[in-house]
Amino acid sequence: MQEELFTSGRNIPHIDPSLEIWHWPISVYLFLGGLAAGLLFFAGIVTVLGKDKEYPAAVKFASIVSPIALTLGLLALFYDLTHKLYFWRLYTTIRIESPMSWGAWVLLIITPISFLWVISYYSELFPKWKLNFKFFDDFENFLKKQRKNMAIALIPLSIILGVYTGILLSAFNARPLWNNAILGPLFLTSGLSTGAATIILLAKSKKERHLFSKIDLALIVLELGLIVHMLMGMYAGSEVQLEAMQLLVGGEFTLMFFGFVIILGLIIPAILELTEIIGYKVPVAIPAILILIGGLVFRFVMVEAGQITRYLY
Amino acid sequence: MRYAMVIDTLKCVGCSDCVVACQTENDVPVGYCRDWITETVNGAYPSIELELKSERCNHCDNAPCVRCCPTGASHQLDNGIVLVTGDECIGCGACIESCPYDARYQHPDGYVDKCTFCHHRLEKGQLPACVSVCPTKCMYFGDLDNPNSEVSQLLKNRKYKTLAPEAGTKPQVYYLI
Ligand code: SF4
Ligand code: SF4
């Protein structure tokens, strides 16, 4: 039998015994980024298809959430930087090879659009708080006319944002749990699903609720498929990937991953949504909230477990 | 020019002189280190083997830390040395996540720090601090592009390994075995 005993004289803060470089703000940021991507995608696509009058929650009510989510997400990201005063350095260069660089640029473009989008609905959203400035009314009218253009821009931008939240992690070859190409599409799907859940939560008409329940159901099935795909990929992978997978399956993170993400966050909401679509009475807030919690826990599990996985030692 | 380090694991006794020399030379904050000693025991009793070696940033040829840096603070010189410019670094931690050797750390002042191959000493024609203090002379430093350099010759004549070559980073610290 071959045994290996390893000792190192090193004990660097946040590096040993395993990395603690990215903390909860990063998980929150990935979740909020995905959520905003989902919401903006649906707002964009519904508008481009010309159905904005039929689905007001998707284009109007839920869209208030996206600029808030993006702003909070950016603040969380900023909070986790350790050399904060140099933040502006992000915007003095574009580095295509660095996902964090192009993610920062996409955020710089999409966040203002998300604000403009809400302003374009200002008088419909906040009829009681009328701002009696002529220039504001003109601005709102101008944006109203630009809505379709904004929607066309939002569709690709939101997809990039959603995929980026996954690629940010998957680009790290050094962390075997993250280093799989499925993570981009998986986080995008999860982001779209949390977006749909928020729309369900805010929808007033049965028609809109049902449409987004159906979309969400499809997304959940897709997401479960992608998760299985991810685990199978690691199962067939190298030793470090096998070890990484064991954190999720039969390890430290199994309860969180299977209990909160897969069962409570995906399977149970899927069953509840299905029951609702068939015609039984289910308070739709329950599956929607479960999906949102599941999405958040998923980001926490991936960020924390990923930092434990490594090549050496 | 391609700087590389060659470390003879058969000569290293794990005295940590290189660690202390580096901390002193580079003003490394207390509790942190840019190089460190590892001890590995291989095999099962009674046929066991002890390997001692000094590790640090591998100044990889295919450096993921340089690629993932959003600001360009992490960069690679023509001679292969990978450096971090403190006042371009935002402390995002991406490079730390990307290094398979966990060779980087966040300096208490916020920016990311790591081994520089004593770049400032090389400019003066001196060897890296760790290499110059090693009492067993187990470390060698030089130019791999020059076939007659000590490091090139050692790699030609001795068996060697690099750490986690499967990570694909093309590490440039070689260990004689
Ligand atoms: S050892 Fe790590 S920090 Fe050094 S060059 Fe390689 S990847 Fe970068
Ligand atoms: S922590 Fe600094 S050096 Fe490292 S990737 Fe971020 S900006 Fe670059």
# chains A, B, ... in the order shown; residues from 1 in each chain; ligands from 1
>>> residues_around(residues="B:Val41", least_positions_apart="3", cutoff="8 Å", atoms="only C-alpha atoms", output="number ranges by chain")
A: 3-6; B: 48-51
>>> residues_near_ligand(ligand="ligand 1", cutoff="8 Å", atoms="only C-alpha atoms and all ligand atoms", output="MDAnalysis selection string")
chainID B and resid 56:66 81:82 95:96 98:104 114:115 169:171
>>> select_by_dssp(residues="stretch 166-195 of chain A", states="helix (DSSP H, G or I)", output="list in words")
Gly166, Ile167, Leu168, Leu169, Ser170, Leu183, Gly184, Pro185, Leu186, Phe187, Leu188, Thr189, Ser190, Gly191, Leu192, Ser193, Thr194 and Gly195 of chain A
>>> closest_atom_pairs(of="chain B", to="ligand 2", cutoff="6 Å", atoms="only C-alpha atoms and all ligand atoms", output="Markdown table")
| residue | atom | partner | partner_atom_place_in_ligand_line | distance |
| --- | --- | --- | --- | --- |
| B:Cys68 | CA | ligand 2 | 5 (S) | 6.0 |
| B:Cys69 | CA | ligand 2 | 5 (S) | 3.5 |
| B:Pro70 | CA | ligand 2 | 8 (Fe) | 5.7 |
| B:Thr71 | CA | ligand 2 | 7 (S) | 5.3 |
| B:Ala73 | CA | ligand 2 | 3 (S) | 4.8 |
| B:Ser74 | CA | ligand 2 | 3 (S) | 4.5 |
| B:Val84 | CA | ligand 2 | 3 (S) | 5.6 |
| B:Cys89 | CA | ligand 2 | 2 (Fe) | 3.6 |
| B:Ile90 | CA | ligand 2 | 7 (S) | 4.4 |
| B:Gly91 | CA | ligand 2 | 1 (S) | 3.7 |
| B:Cys92 | CA | ligand 2 | 6 (Fe) | 4.0 |
| B:Gly93 | CA | ligand 2 | 1 (S) | 4.0 |
| B:Ala94 | CA | ligand 2 | 5 (S) | 4.4 |
| B:Cys95 | CA | ligand 2 | 5 (S) | 4.1 |
| B:Val112 | CA | ligand 2 | 1 (S) | 5.4 |
>>> closest_residue(among="B:Thr24, B:Gln106, B:Leu52, B:Tyr111", to="A:Leu19", atoms="only C-alpha atoms")
B:Gln106
>>> residues_around(residues="B:Gly142", least_positions_apart="4", cutoff="12 Å", atoms="only C-alpha atoms", output="number ranges by chain")
B: 1-7, 79-81, 117, 122, 125-128, 131, 146-155, 172-174
>>> residues_around(residues="A:Ala76", least_positions_apart="6", cutoff="12 Å", atoms="only C-alpha atoms", output="ChimeraX atom specification")
/A:22-33,69-70,84 /B:92
>>> closest_residue(among="A:Glu97, A:Asp52, A:Glu208, A:Glu304", to="chain B", atoms="only C-alpha atoms")
A:Glu97
>>> interface_residues(of="chain A", to="chain B", cutoff="9 Å", atoms="only C-alpha atoms", output="PyMOL selection string")
chain A and resi 1-16+19+21-22+77-78+80-102+104+168+171-175+307+310-312
>>> residues_around(residues="stretch 34-43 of chain A", least_positions_apart="2", cutoff="9 Å", atoms="only C-alpha atoms", output="PyMOL selection string")
chain A and resi 29-32+45-48+52+57-60+62-63+65-70+114+151+154-165+187-196+198-199+292+295
>>> residues_around(residues="stretch 240-256 of chain A", least_positions_apart="6", cutoff="10 Å", atoms="only C-alpha atoms", output="ChimeraX atom specification")
/A:174-180,230-234,262-264,294,297-298,300-302,304-312
>>> atom_distance(atom1="atom CA of A:Tyr79", atom2="atom CA of A:Phe115")
21.8 Å
>>> atom_distance(atom1="atom CA of A:Leu183", atom2="atom CA of A:Gly166")
5.0 Å
>>> residues_around(residues="B:Thr136", least_positions_apart="4", cutoff="8 Å", atoms="only C-alpha atoms", output="list of chain:residue names")
B:Lys11, B:Cys12, B:Val13
